[in-house]
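S.K.: The following block contains the structure, expressed as structure tokens.
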Amino acid sequence: MDQDLPAKIEQISQLEGHDDRAWHVAWNPARPILASCSADKNVRLYNYSPSSPSEDSSLSFSHITTIPTGHAKTVRAIAWSPSGKTLATASFDSNIGIWAQEGEEESEGDALNASGEWECMSLLEGHETECKSVAYSSSGNLLASCSRDKTVWIWEAHPDYDFECMGVLMEHSQDVKCVAWHPTEEILASASYDDTIKLYIDDPQEDWFCFQTLTGHDSTVWTLAFSPDGRYLASGSDDCTIRIWERVQEHKWECVDVLEGHERSVYSISWGKGKGLDGSDAGSLGWLASTGGDGIINVWELGVGPNPKDPSKKSVTHKVIARISQAHDVHDVNCVVWCPRKGFEDLFATAGDDGLVRVWKVVPS
């Protein structure tokens, strides 16, 4: 059915080892490490490198180490700091773990072996119930977390893994599913079971506050992703759609496009720069990957083109360039994430209810 698409999604690697459903994956931004977390309470770290020196296209993945987190319940989400030296774990036990390697502060670059001991440097307590998502700001100075307790917390990272709570945001009326930071500014977005998205900034005189609520989805909003250039925000929902919101003023965002290509809930989206197929442009806004309860992965090319109704104006354009169904056999796919490292813009990973992590590459048809 998808033969006429310009690209296809090829599996590069299948990573086994979790004893229960795999919830989330995170690519280290600085080093060739992929992390995954699971209901088995463990975090697994994998290293990747070219399979052979001559072949740049093929990668081999190998398991480095498993971190038994000590969380009492499922590890639902993980996030690397921008430096790649610290990993945050969000758990259904309501706590957030901050992990690093002993001596990491002093080591330079890749000098430290990732298989060395990872230790819990700090445990952030405050949420009352399951923690659902965690994210570092682009500077690495701030960490956001959200929970079924309907709150979003913002923490400031100090030296020696000391974290200070800068704000508890109680704007949502239901379970908060996801937090995401703007790629360059300190703007935070959160998505909830109350069908809305909230946007927050820090008032220099006051505290963090919600400056806008985005409505339009008909059901739970599961997932958020800012565009690489920061001018757009994408949201994925239980209503099976993905909405694209544009920043039309400094503190105003509005819905400019709706993507329909899923039969069930959209649990996860990721927005990357993309890679031009056959030397062409990757779409001026990059590639958005989406997945969820239907087991389908769609890769959308997003751009800006003339508005069909008024060619003098510009509007967001979207097209599916690659798709695969039954990405994790009959199981839900919980997470999709593009690799953020230069040269790997066509690489992404998924985690599924089958306990597997799979790595995929977008290649021309």
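Lettering and numbering for the structure tokens are positional, with chains as A, B, ... in the shown order, residues counted from 1 in each chain, and ligands counted from 1 in the shown order.
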Might you pull out every residue within 7 Å of segment 199-204 of chain A, with only C-alpha atoms counted and same-chain residues fewer than 2 positions away left off, and present them as a PyMOL selection string?
M.R.: chain A and resi 186-190+197+206-213
S.K.: Go ahead and write the selection's residues with N, CA, C and O atoms as a PDB file, in the first residue's frame.
M.R.:
```
ATOM      1  N   GLU A 186      13.723  29.503  27.044  1.00  0.00           N
ATOM      2  CA  GLU A 186      13.162  28.838  28.222  1.00  0.00           C
ATOM      3  C   GLU A 186      11.641  28.979  28.225  1.00  0.00           C
ATOM      4  O   GLU A 186      11.040  29.710  29.009  1.00  0.00           O
ATOM      5  N   ILE A 187      11.053  28.270  27.249  1.00  0.00           N
ATOM      6  CA  ILE A 187       9.592  28.161  27.156  1.00  0.00           C
ATOM      7  C   ILE A 187       9.276  26.680  27.343  1.00  0.00           C
ATOM      8  O   ILE A 187       9.884  25.823  26.694  1.00  0.00           O
ATOM      9  N   LEU A 188       8.346  26.391  28.240  1.00  0.00           N
ATOM     10  CA  LEU A 188       7.980  25.002  28.526  1.00  0.00           C
ATOM     11  C   LEU A 188       6.556  24.725  28.052  1.00  0.00           C
ATOM     12  O   LEU A 188       5.673  25.576  28.200  1.00  0.00           O
ATOM     13  N   ALA A 189       6.349  23.543  27.480  1.00  0.00           N
ATOM     14  CA  ALA A 189       5.002  23.110  27.087  1.00  0.00           C
ATOM     15  C   ALA A 189       4.645  21.846  27.854  1.00  0.00           C
ATOM     16  O   ALA A 189       5.509  21.010  28.123  1.00  0.00           O
ATOM     17  N   SER A 190       3.376  21.718  28.222  1.00  0.00           N
ATOM     18  CA  SER A 190       2.900  20.487  28.866  1.00  0.00           C
ATOM     19  C   SER A 190       1.594  20.038  28.218  1.00  0.00           C
ATOM     20  O   SER A 190       0.821  20.861  27.726  1.00  0.00           O
ATOM     21  N   ILE A 197      -3.017  21.820  25.955  1.00  0.00           N
ATOM     22  CA  ILE A 197      -1.567  22.045  26.041  1.00  0.00           C
ATOM     23  C   ILE A 197      -1.397  23.396  26.737  1.00  0.00           C
ATOM     24  O   ILE A 197      -2.099  24.364  26.416  1.00  0.00           O
ATOM     25  N   GLU A 206       8.328  37.630  38.989  1.00  0.00           N
ATOM     26  CA  GLU A 206       7.487  36.686  39.733  1.00  0.00           C
ATOM     27  C   GLU A 206       8.034  35.271  39.622  1.00  0.00           C
ATOM     28  O   GLU A 206       9.212  35.037  39.768  1.00  0.00           O
ATOM     29  N   ASP A 207       7.136  34.340  39.332  1.00  0.00           N
ATOM     30  CA  ASP A 207       7.518  32.944  39.171  1.00  0.00           C
ATOM     31  C   ASP A 207       7.139  32.485  37.775  1.00  0.00           C
ATOM     32  O   ASP A 207       6.669  33.262  36.949  1.00  0.00           O
ATOM     33  N   TRP A 208       7.298  31.201  37.552  1.00  0.00           N
ATOM     34  CA  TRP A 208       6.837  30.614  36.296  1.00  0.00           C
ATOM     35  C   TRP A 208       5.320  30.725  36.226  1.00  0.00           C
ATOM     36  O   TRP A 208       4.623  30.536  37.226  1.00  0.00           O
ATOM     37  N   PHE A 209       4.816  31.029  35.029  1.00  0.00           N
ATOM     38  CA  PHE A 209       3.357  31.102  34.878  1.00  0.00           C
ATOM     39  C   PHE A 209       2.950  30.625  33.485  1.00  0.00           C
ATOM     40  O   PHE A 209       3.763  30.600  32.553  1.00  0.00           O
ATOM     41  N   CYS A 210       1.677  30.254  33.363  1.00  0.00           N
ATOM     42  CA  CYS A 210       1.124  29.796  32.086  1.00  0.00           C
ATOM     43  C   CYS A 210       0.694  31.018  31.291  1.00  0.00           C
ATOM     44  O   CYS A 210      -0.134  31.798  31.758  1.00  0.00           O
ATOM     45  N   PHE A 211       1.262  31.188  30.077  1.00  0.00           N
ATOM     46  CA  PHE A 211       0.883  32.360  29.279  1.00  0.00           C
ATOM     47  C   PHE A 211      -0.127  32.025  28.190  1.00  0.00           C
ATOM     48  O   PHE A 211      -0.746  32.910  27.622  1.00  0.00           O
ATOM     49  N   GLN A 212      -0.331  30.730  27.910  1.00  0.00           N
ATOM     50  CA  GLN A 212      -1.350  30.370  26.921  1.00  0.00           C
ATOM     51  C   GLN A 212      -1.776  28.919  27.090  1.00  0.00           C
ATOM     52  O   GLN A 212      -0.972  28.054  27.442  1.00  0.00           O
ATOM     53  N   THR A 213      -3.068  28.680  26.839  1.00  0.00           N
ATOM     54  CA  THR A 213      -3.610  27.317  26.794  1.00  0.00           C
ATOM     55  C   THR A 213      -4.041  27.041  25.362  1.00  0.00           C
ATOM     56  O   THR A 213      -4.782  27.841  24.779  1.00  0.00           O
TER      57      THR A 213
END
```
S.K.: With only C-alpha atoms as the counted atoms, please give the residues lying no more than 7 Å from segment 338-352 of chain A, apart from itself and same-chain residues fewer than 2 positions off, as a ChimeraX atom specification.
M.R.: /A:21-25,27,29,270,272-275,328,331-336,354-362
S.K.: With N, CA and C atoms retained, could you export that selection as a compact mmCIF listing (two decimals), in the first residue's frame?
M.R.:
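Final file, selection_8.txt:
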```
# COMPACT_ATOMS: atom_id res chain seq x y z
N ARG A 21 7.33 -4.22 29.37
CA ARG A 21 7.18 -3.28 28.26
C ARG A 21 8.23 -2.18 28.31
N ALA A 22 8.70 -1.79 27.11
CA ALA A 22 9.68 -0.70 26.99
C ALA A 22 8.89 0.58 26.75
N TRP A 23 9.12 1.56 27.60
CA TRP A 23 8.34 2.79 27.54
C TRP A 23 8.98 3.89 26.72
N HIS A 24 10.31 4.03 26.85
CA HIS A 24 10.90 5.26 26.34
C HIS A 24 12.36 5.03 25.95
N VAL A 25 12.83 5.79 24.98
CA VAL A 25 14.24 5.75 24.59
C VAL A 25 14.77 7.19 24.55
N TRP A 27 18.39 9.29 23.09
CA TRP A 27 19.73 9.31 22.48
C TRP A 27 20.59 10.32 23.24
N PRO A 29 23.00 13.19 23.49
CA PRO A 29 23.30 14.20 22.48
C PRO A 29 24.78 14.36 22.15
N SER A 270 8.21 12.88 17.32
CA SER A 270 9.56 13.43 17.44
C SER A 270 9.82 14.25 16.18
N GLY A 272 12.65 16.09 13.92
CA GLY A 272 14.08 16.22 13.65
C GLY A 272 14.34 17.04 12.41
N LYS A 273 15.63 17.30 12.16
CA LYS A 273 16.00 18.11 11.00
C LYS A 273 15.73 17.39 9.69
N GLY A 274 15.84 16.04 9.72
CA GLY A 274 15.66 15.29 8.49
C GLY A 274 16.89 15.32 7.62
N LYS A 275 16.84 14.55 6.54
CA LYS A 275 17.96 14.45 5.62
C LYS A 275 17.37 14.43 4.22
N HIS A 328 6.11 -2.92 15.83
CA HIS A 328 6.44 -3.82 16.94
C HIS A 328 5.44 -4.98 16.93
N HIS A 331 1.99 -5.12 18.85
CA HIS A 331 2.03 -4.33 20.07
C HIS A 331 1.97 -2.83 19.82
N ASP A 332 1.52 -2.10 20.85
CA ASP A 332 1.56 -0.63 20.82
C ASP A 332 3.01 -0.18 20.74
N VAL A 333 3.24 0.92 20.04
CA VAL A 333 4.55 1.56 20.05
C VAL A 333 4.43 2.78 20.97
N ASN A 334 5.25 2.81 22.01
CA ASN A 334 5.10 3.83 23.05
C ASN A 334 5.91 5.09 22.80
N CYS A 335 6.92 4.97 21.95
CA CYS A 335 7.86 6.08 21.86
C CYS A 335 8.58 6.04 20.51
N VAL A 336 8.80 7.21 19.94
CA VAL A 336 9.66 7.33 18.76
C VAL A 336 10.54 8.56 18.97
N ASP A 354 6.13 -4.80 23.49
CA ASP A 354 6.77 -6.13 23.39
C ASP A 354 8.10 -6.17 24.16
N GLY A 355 8.47 -5.05 24.79
CA GLY A 355 9.72 -5.00 25.56
C GLY A 355 10.94 -4.72 24.72
N LEU A 356 10.73 -4.54 23.42
CA LEU A 356 11.87 -4.35 22.51
C LEU A 356 12.12 -2.88 22.21
N VAL A 357 13.38 -2.59 21.94
CA VAL A 357 13.76 -1.30 21.37
C VAL A 357 14.23 -1.59 19.96
N ARG A 358 13.72 -0.85 19.00
CA ARG A 358 14.14 -1.05 17.61
C ARG A 358 14.72 0.24 17.07
N VAL A 359 15.75 0.09 16.25
CA VAL A 359 16.39 1.25 15.63
C VAL A 359 16.12 1.17 14.13
N TRP A 360 15.74 2.30 13.57
CA TRP A 360 15.30 2.37 12.17
C TRP A 360 16.04 3.47 11.42
N LYS A 361 16.08 3.29 10.10
CA LYS A 361 16.68 4.31 9.24
C LYS A 361 15.73 4.60 8.09
N VAL A 362 15.63 5.87 7.76
CA VAL A 362 14.82 6.28 6.60
C VAL A 362 15.73 6.27 5.37
```
S.K.: Rank nothing, just name the residue among A:His158, A:Lys41, A:His217, A:His182 nearest to Leu233 of chain A, using only C-alpha atoms.
M.R.: A:His182
S.K.: Go ahead and compute the interatomic distance for atom CA of Glu119 of chain A and atom CA of Ser147 of chain A, in Å to one decimal.
M.R.: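 Between atom CA of Glu119 of chain A and atom CA of Ser147 of chain A the gap works out to 23.9 Å.
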S.K.: Which is closer to Leu123 of chain A than all the others in A:Lys85, A:Lys150, A:His71, A:Lys309, using only C-alpha atoms?
M.R.: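 Going through A:Lys85, A:Lys150, A:His71, A:Lys309 one by one, the smallest distance to Leu123 of chain A is for A:His71.
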S.K.: How far is it from atom CA of Ser83 of chain A to atom CA of Lys177 of chain A, in Å with one decimal?
M.R.: 25.3 Å
S.K.: Can you measure atom CA of Phe163 of chain A to atom CA of Leu142 of chain A for me? One decimal in Å is fine.
M.R.: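 Computed distance, atom CA of Phe163 of chain A to atom CA of Leu142 of chain A, equals 8.9 Å.
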S.K.: Which residues in segment 19-260 of chain A does DSSP call strand (DSSP E)? List them as JSON, numbers by chain.
M.R.: {"A": [22, 23, 24, 25, 26, 27, 33, 34, 35, 36, 37, 38, 42, 43, 44, 45, 46, 47, 48, 49, 50, 51, 52, 55, 56, 57, 58, 59, 60, 61, 62, 63, 64, 65, 66, 67, 68, 75, 76, 77, 78, 79, 80, 87, 88, 89, 90, 91, 96, 97, 98, 99, 100, 101, 118, 119, 120, 121, 122, 123, 124, 131, 132, 133, 134, 135, 136, 142, 143, 144, 145, 146, 147, 152, 153, 154, 155, 156, 157, 158, 162, 163, 164, 165, 166, 167, 168, 169, 176, 177, 178, 179, 180, 181, 188, 189, 190, 191, 192, 197, 198, 199, 200, 201, 202, 208, 209, 210, 211, 212, 213, 214, 221, 222, 223, 224, 225, 226, 232, 233, 234, 235, 236, 237, 241, 242, 243, 244, 245, 246, 247, 248, 249, 252, 253, 254, 255, 256, 257, 258, 259, 260]}
S.K.: Closest to Ser219 of chain A among A:Asp162, A:Asp195, A:Gln205, A:Ala180, using only C-alpha atoms?
M.R.: A:Asp195
S.K.: Leaving out Cys165 of chain A and any residue of its chain fewer than 3 positions from it, which residues lie within 10 Å of it when counting only C-alpha atoms, given as a PyMOL selection string?
M.R.: chain A and resi 124-126+142-144+153-157+168
S.K.: May I have the residues within 12 Å of Ala225 of chain A as a VMD selection string, using only C-alpha atoms and disregarding those fewer than 3 positions away in the same chain?
M.R.: chain A and resid 135 178 to 183 188 to 191 197 221 to 222 228 to 236 242 to 245 267 to 272 287 to 290 336 to 338
S.K.: For those residues, write N, CA, C and O atoms to a file as a compact mmCIF listing (two decimals), in the first residue's frame.
M.R.:
```txt
# COMPACT_ATOMS: atom_id res chain seq x y z
N ALA A 135 12.17 16.39 31.26
CA ALA A 135 12.88 17.01 30.13
C ALA A 135 13.84 18.10 30.63
O ALA A 135 13.50 18.85 31.54
N CYS A 178 3.01 14.84 29.40
CA CYS A 178 4.27 15.13 28.70
C CYS A 178 4.71 16.56 28.96
O CYS A 178 3.88 17.47 29.06
N VAL A 179 6.03 16.75 29.09
CA VAL A 179 6.62 18.09 29.11
C VAL A 179 7.68 18.18 28.02
O VAL A 179 8.37 17.19 27.73
N ALA A 180 7.81 19.36 27.42
CA ALA A 180 8.82 19.57 26.36
C ALA A 180 9.28 21.02 26.40
O ALA A 180 8.47 21.94 26.57
N TRP A 181 10.60 21.20 26.25
CA TRP A 181 11.18 22.55 26.23
C TRP A 181 11.38 23.03 24.80
O TRP A 181 11.72 22.25 23.90
N HIS A 182 11.26 24.32 24.62
CA HIS A 182 11.62 24.98 23.36
C HIS A 182 13.11 24.74 23.10
O HIS A 182 13.90 24.71 24.04
N PRO A 183 13.52 24.58 21.83
CA PRO A 183 14.93 24.22 21.56
C PRO A 183 15.96 25.29 21.89
O PRO A 183 17.15 24.97 22.05
N LEU A 188 8.35 26.39 28.24
CA LEU A 188 7.98 25.00 28.53
C LEU A 188 6.56 24.72 28.05
O LEU A 188 5.67 25.58 28.20
N ALA A 189 6.35 23.54 27.48
CA ALA A 189 5.00 23.11 27.09
C ALA A 189 4.65 21.85 27.85
O ALA A 189 5.51 21.01 28.12
N SER A 190 3.38 21.72 28.22
CA SER A 190 2.90 20.49 28.87
C SER A 190 1.59 20.04 28.22
O SER A 190 0.82 20.86 27.73
N ALA A 191 1.36 18.73 28.22
CA ALA A 191 0.17 18.15 27.58
C ALA A 191 -0.54 17.25 28.57
O ALA A 191 0.11 16.58 29.38
N ILE A 197 -3.02 21.82 25.96
CA ILE A 197 -1.57 22.05 26.04
C ILE A 197 -1.40 23.40 26.74
O ILE A 197 -2.10 24.36 26.42
N VAL A 221 -4.04 14.68 25.21
CA VAL A 221 -2.84 15.01 24.44
C VAL A 221 -1.68 14.26 25.09
O VAL A 221 -1.35 14.48 26.25
N TRP A 222 -1.10 13.33 24.34
CA TRP A 222 -0.08 12.42 24.87
C TRP A 222 1.35 12.93 24.72
O TRP A 222 2.23 12.59 25.50
N PRO A 228 12.69 21.89 15.05
CA PRO A 228 14.10 22.22 15.33
C PRO A 228 14.36 23.73 15.34
O PRO A 228 15.21 24.20 16.10
N ASP A 229 13.62 24.50 14.52
CA ASP A 229 13.87 25.95 14.50
C ASP A 229 13.08 26.69 15.59
O ASP A 229 13.22 27.91 15.74
N GLY A 230 12.23 25.98 16.33
CA GLY A 230 11.51 26.58 17.45
C GLY A 230 10.31 27.42 17.08
O GLY A 230 9.67 28.01 17.95
N ARG A 231 9.97 27.48 15.78
CA ARG A 231 8.83 28.33 15.37
C ARG A 231 7.49 27.60 15.44
O ARG A 231 6.43 28.21 15.32
N TYR A 232 7.56 26.28 15.61
CA TYR A 232 6.33 25.48 15.62
C TYR A 232 6.37 24.48 16.78
O TYR A 232 7.44 24.11 17.26
N LEU A 233 5.17 24.04 17.18
CA LEU A 233 5.03 22.99 18.18
C LEU A 233 4.06 21.97 17.62
O LEU A 233 3.03 22.34 17.04
N ALA A 234 4.40 20.68 17.75
CA ALA A 234 3.49 19.62 17.31
C ALA A 234 2.95 18.90 18.53
O ALA A 234 3.65 18.75 19.55
N SER A 235 1.70 18.44 18.44
CA SER A 235 1.08 17.70 19.54
C SER A 235 0.36 16.48 18.98
O SER A 235 -0.26 16.55 17.92
N GLY A 236 0.46 15.36 19.70
CA GLY A 236 -0.19 14.12 19.27
C GLY A 236 -1.21 13.70 20.31
O GLY A 236 -0.97 13.83 21.51
N ILE A 242 -2.46 14.78 14.76
CA ILE A 242 -1.31 15.58 15.19
C ILE A 242 -1.62 17.01 14.77
O ILE A 242 -2.00 17.26 13.62
N ARG A 243 -1.48 17.93 15.71
CA ARG A 243 -1.71 19.34 15.38
C ARG A 243 -0.37 20.08 15.35
O ARG A 243 0.51 19.80 16.14
N ILE A 244 -0.29 21.01 14.42
CA ILE A 244 0.90 21.86 14.30
C ILE A 244 0.49 23.27 14.70
O ILE A 244 -0.46 23.84 14.14
N TRP A 245 1.20 23.80 15.69
CA TRP A 245 0.91 25.14 16.21
C TRP A 245 2.07 26.06 15.83
O TRP A 245 3.23 25.71 16.01
N TYR A 267 0.71 8.22 20.44
CA TYR A 267 1.37 8.24 21.75
C TYR A 267 2.67 9.02 21.75
O TYR A 267 3.11 9.51 22.78
N SER A 268 3.31 9.10 20.59
CA SER A 268 4.64 9.71 20.58
C SER A 268 4.94 10.34 19.23
O SER A 268 4.64 9.77 18.18
N ILE A 269 5.54 11.54 19.29
CA ILE A 269 6.03 12.20 18.08
C ILE A 269 7.43 12.73 18.36
O ILE A 269 7.80 12.97 19.51
N SER A 270 8.21 12.88 17.32
CA SER A 270 9.56 13.43 17.44
C SER A 270 9.82 14.25 16.18
O SER A 270 9.49 13.81 15.07
N TRP A 271 10.40 15.43 16.34
CA TRP A 271 10.62 16.34 15.21
C TRP A 271 12.12 16.56 15.04
O TRP A 271 12.78 17.10 15.93
N GLY A 272 12.65 16.09 13.92
CA GLY A 272 14.08 16.22 13.65
C GLY A 272 14.34 17.04 12.41
O GLY A 272 13.43 17.42 11.67
N TRP A 287 11.68 16.69 9.47
CA TRP A 287 10.87 15.47 9.47
C TRP A 287 10.24 15.25 10.84
O TRP A 287 10.91 15.38 11.87
N LEU A 288 8.97 14.91 10.82
CA LEU A 288 8.25 14.56 12.05
C LEU A 288 7.91 13.07 11.99
O LEU A 288 7.32 12.61 11.02
N ALA A 289 8.31 12.33 13.01
CA ALA A 289 7.94 10.91 13.10
C ALA A 289 6.81 10.78 14.12
O ALA A 289 6.81 11.47 15.14
N SER A 290 5.85 9.90 13.83
CA SER A 290 4.72 9.71 14.75
C SER A 290 4.39 8.22 14.85
O SER A 290 4.56 7.47 13.90
N VAL A 336 8.80 7.21 19.94
CA VAL A 336 9.66 7.33 18.76
C VAL A 336 10.54 8.56 18.97
O VAL A 336 10.06 9.60 19.42
N VAL A 337 11.86 8.42 18.71
CA VAL A 337 12.79 9.54 18.93
C VAL A 337 13.87 9.56 17.85
O VAL A 337 14.56 8.56 17.63
N TRP A 338 14.01 10.72 17.20
CA TRP A 338 15.10 10.90 16.23
C TRP A 338 16.44 11.01 16.95
O TRP A 338 16.52 11.60 18.02
```
S.K.: Counting only C-alpha atoms, which residue out of A:Ala72, A:Ala327, A:Leu45, A:Val266 sits closest to Asn113 of chain A?
M.R.: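 Of all the options, A:Leu45 lies closest to Asn113 of chain A.
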